[in-house]
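Student: Quick one: structure below, then a few questions.
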Amino acid sequence: LPGIYLHIPFCRKACSYCDFFFVTQLKRKGPLVEAMAAEIALRSGFAGGGPATSLYLGGGTPSLLGEAELRLLYEAVNQFFPLLADAEITLEANPDDLSPDYLRMLAATGVRRLSIGIQSWREEDLRAFNRSHSREQGFAAYAAARAAGFANISLDLMYGLPGLGLGGWEENLRITLDLRPEHLSVYALTVEEKTALAHQLRQGRVQIPEDESYAAQFLLAHERLTAAGYEHYELSNYALPGFRARHNSSYWQGQPYLGIGPSAHSFDGERRSWNAAHLEHYLRALGEGRLPPGGEEALGSRERYHEHLMTGLRTAEGASLALLEELLPGFAARFAPQIAQLSGQGLLRQDQGRLRLSPQGWLLSDAIIADFFIG
Ligand code: SF4
């Protein structure tokens, strides 16, 4: 089994833009970890079982887990899906949790890769978003992680923030490049319904930038980061050579993964399934020895075709023409005019049996991908 994802749905505070599933009642953390260990056991034969090549603790805020909780989850994973000796083991962390003692504990319990939610180096952005950390805590966390021996660190950054502007974004990139993390996830701020940010926007209390401003910031990141030696290997992801995220890459390559915890999704190679985003229902079901409520859908060739377009065209590897042709016989002939037009505009390239978007194409990827969809 390539990857296991553990969703830890707790946060200290709600960031204003976030629509992930999380709760702030930290006292439910212990019972949840026990329920997740039970879910791992119940899913032991998933996709044929067997060893796992990556483990990803995401959330929410996995850096709220204590040592005993982390060890319990590891033991459950290792019992049913033994982690290979060189498995990629990532933990998402918020800077304010990363004290030197906590980092030493993480390293001792087997975490090898840290993904730190920096988002911005500007104090005003962190405050505006109700982030739980300060700029200084961001720097301190990064230095402490290096001092604790972490040699594979990813930072999350966001662009398109209210009031950031091209100059502010350039400064955030410059500070980040001085630190030289092995990996960067660079996301555009999106306004999701039912978030505090959406509410502030409706009330006119914040303004988000125009599309052109997002585009300029995306292209500036591409230019600065690739010039500094980072590979822009997926729409939102950059890595120094040898440091692409293996766990996420397996999603994009359509390999099976098992997601554990409330709201987690899984894919066994044929069916996509998910757990309901509800903490109490999750705890109750596992307390009774049952799998948590959720849903599933089988992926037919039409869904797999759409899926390959959506994931493939967002990666530097591109989408495989042979696979698209297999999933949709006649693909090349049917879409030859679109492919020629997009190629002429410098948005798409066809080479070595693959279709790849250029950085300008990535900017328009939602619209371009939708053009290839079938009804
Ligand atoms: S810490 Fe992460 S998961 Fe939690 S609210 Fe903030 S962005 Fe969302």
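Residues are referred to by chain and number: the chain letter is A, B, ... according to the order shown in the structure tokens, the number counts from 1 in that chain, and ligands are numbered separately from 1 in the order shown.
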Step by step, measure atom-to-atom distances between ligand 1 and each residue using only C-alpha atoms and all ligand atoms, keep those at most 9 Å, then write them as a ChimeraX atom specification.
Tutor: /A:9-24,58-61,92-94,117,119,129-132
Student: Please provide the set of residues having any atom within 9 Å of range 32-49 of chain A, restricted to only C-alpha atoms, with same-chain residues fewer than 4 positions apart removed, written as a tab-separated table (two decimals) with C-alpha atoms, in the first residue's frame.
Tutor:
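Contents of the output file selection-v1.tsv:
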chain	number	residue	atom	x	y	z
A	1	LEU	CA	0.00	0.00	0.00
A	6	LEU	CA	-4.02	10.13	9.39
A	7	HIS	CA	-6.35	13.11	9.87
A	8	ILE	CA	-5.90	14.80	13.25
A	28	ARG	CA	-11.43	14.81	22.72
A	65	LEU	CA	-0.33	15.15	19.52
A	69	GLU	CA	-0.63	9.52	21.25
A	70	LEU	CA	1.90	9.56	18.44
A	72	LEU	CA	-0.06	4.61	19.73
A	73	LEU	CA	-0.81	5.65	16.13
A	74	TYR	CA	2.60	4.46	14.90
A	75	GLU	CA	2.23	1.12	16.58
A	76	ALA	CA	-1.20	0.60	15.04
A	77	VAL	CA	0.10	1.51	11.58
A	79	GLN	CA	1.16	-3.62	13.19
A	80	PHE	CA	-1.18	-3.69	10.20
A	81	PHE	CA	0.72	-1.84	7.44
A	256	PRO	CA	-4.07	3.53	-3.58
A	257	TYR	CA	-4.02	5.23	-0.19
A	258	LEU	CA	-5.80	4.71	3.08
A	260	ILE	CA	-7.94	7.25	8.71
A	261	GLY	CA	-9.93	9.62	10.93
A	262	PRO	CA	-13.02	11.81	10.55
A	267	PHE	CA	-8.78	5.02	-2.66
A	268	ASP	CA	-8.22	1.29	-3.11
A	269	GLY	CA	-7.41	1.39	-6.82
A	279	LEU	CA	-16.24	13.70	15.39
A	282	TYR	CA	-16.82	8.71	14.41
A	283	LEU	CA	-16.09	8.11	18.11
A	284	ARG	CA	-19.39	6.33	18.67
A	285	ALA	CA	-18.99	3.93	15.74
A	286	LEU	CA	-15.46	2.92	16.67
A	287	GLY	CA	-16.42	2.67	20.34
A	289	GLY	CA	-16.37	-1.76	17.07
A	290	ARG	CA	-17.87	-0.60	13.77
A	291	LEU	CA	-16.36	1.30	10.87
A	292	PRO	CA	-17.31	5.00	10.95
Student: Pick out the residues sitting within 6 Å of range 209-222 of chain A, and hand them over as a CSV table (one decimal) with C-alpha atoms, in the first residue's frame; count only C-alpha atoms, and ignore anything fewer than 3 positions along from it in its own chain.
Tutor:
chain,number,residue,atom,x,y,z
A,160,GLY,CA,-3.0,36.5,-3.0
A,225,LEU,CA,12.0,29.6,-6.9
A,226,THR,CA,13.0,27.8,-10.1
Student: With DSSP run on the backbone, what are the alpha helix (DSSP H) residues within range 23-226 of chain A? I'd like them as a PyMOL selection string.
Tutor: chain A and resi 29-42+67-80+100-108+123-128+135-147+165-179+196-202+211-226
Student: DSSP on the backbone, strand (DSSP E or B) only: what residues of range 169-370 of chain A does that give? Format it as a PyMOL selection string.
Tutor: chain A and resi 183-188+231-234+237-239+257-260+265-267+271-275+294-298+315+319-320+348-351+354-357
Student: What is the CA of Asp101 in chain A-CA of Tyr142 in chain A distance in Å, reported with one decimal?
Tutor: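 For CA of Asp101 in chain A relative to CA of Tyr142 in chain A, the distance reads 13.8 Å.
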Student: Set out as CSV a contact list for range 236-312 of chain A and range 356-370 of chain A with a cut-off of 10 Å, giving each residue of range 236-312 of chain A that qualifies its closest atom pair and distance in Å to one decimal, counting only C-alpha atoms, ordered by chain and rising residue number.
Tutor:
residue,atom,partner,partner_atom,distance
A:Ser236,CA,A:Trp362,CA,9.5
A:His306,CA,A:Ile369,CA,8.5
A:Leu309,CA,A:Ile369,CA,6.5
A:Met310,CA,A:Ile369,CA,6.5
A:Thr311,CA,A:Ile369,CA,9.8
A:Gly312,CA,A:Arg356,CA,8.1
Student: Would you put the residues from that selection into a file with N, CA and C atoms, as a compact mmCIF listing (two decimals), in the first residue's frame?
Tutor:
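Result file selection.txt:
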# COMPACT_ATOMS: atom_id res chain seq x y z
N SER A 236 1.09 23.63 -7.11
CA SER A 236 1.32 24.32 -5.84
C SER A 236 2.55 23.82 -5.09
N HIS A 306 -11.44 11.76 -15.98
CA HIS A 306 -11.47 13.10 -15.40
C HIS A 306 -10.39 13.25 -14.33
N LEU A 309 -6.94 13.65 -15.80
CA LEU A 309 -6.75 15.01 -16.32
C LEU A 309 -6.47 15.98 -15.18
N MET A 310 -7.29 15.87 -14.12
CA MET A 310 -7.19 16.85 -13.03
C MET A 310 -5.87 16.73 -12.29
N THR A 311 -5.43 15.51 -12.06
CA THR A 311 -4.17 15.36 -11.32
C THR A 311 -3.00 15.49 -12.28
N GLY A 312 -3.05 14.80 -13.43
CA GLY A 312 -1.91 14.78 -14.35
C GLY A 312 -1.56 16.16 -14.86
Student: Quick one: pull the distance between CA of Gly165 in chain A and CA of Ala196 in chain A, Å, one decimal.
Tutor: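 Separation between CA of Gly165 in chain A and CA of Ala196 in chain A: 21.6 Å.
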Student: Which is closest to Ile153 in chain A among A:Glu88, A:Asp97, A:Glu325, A:Asp125, if we use only C-alpha atoms?
Tutor: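 Residue with the minimum atom-to-atom distance to Ile153 in chain A: A:Glu88.
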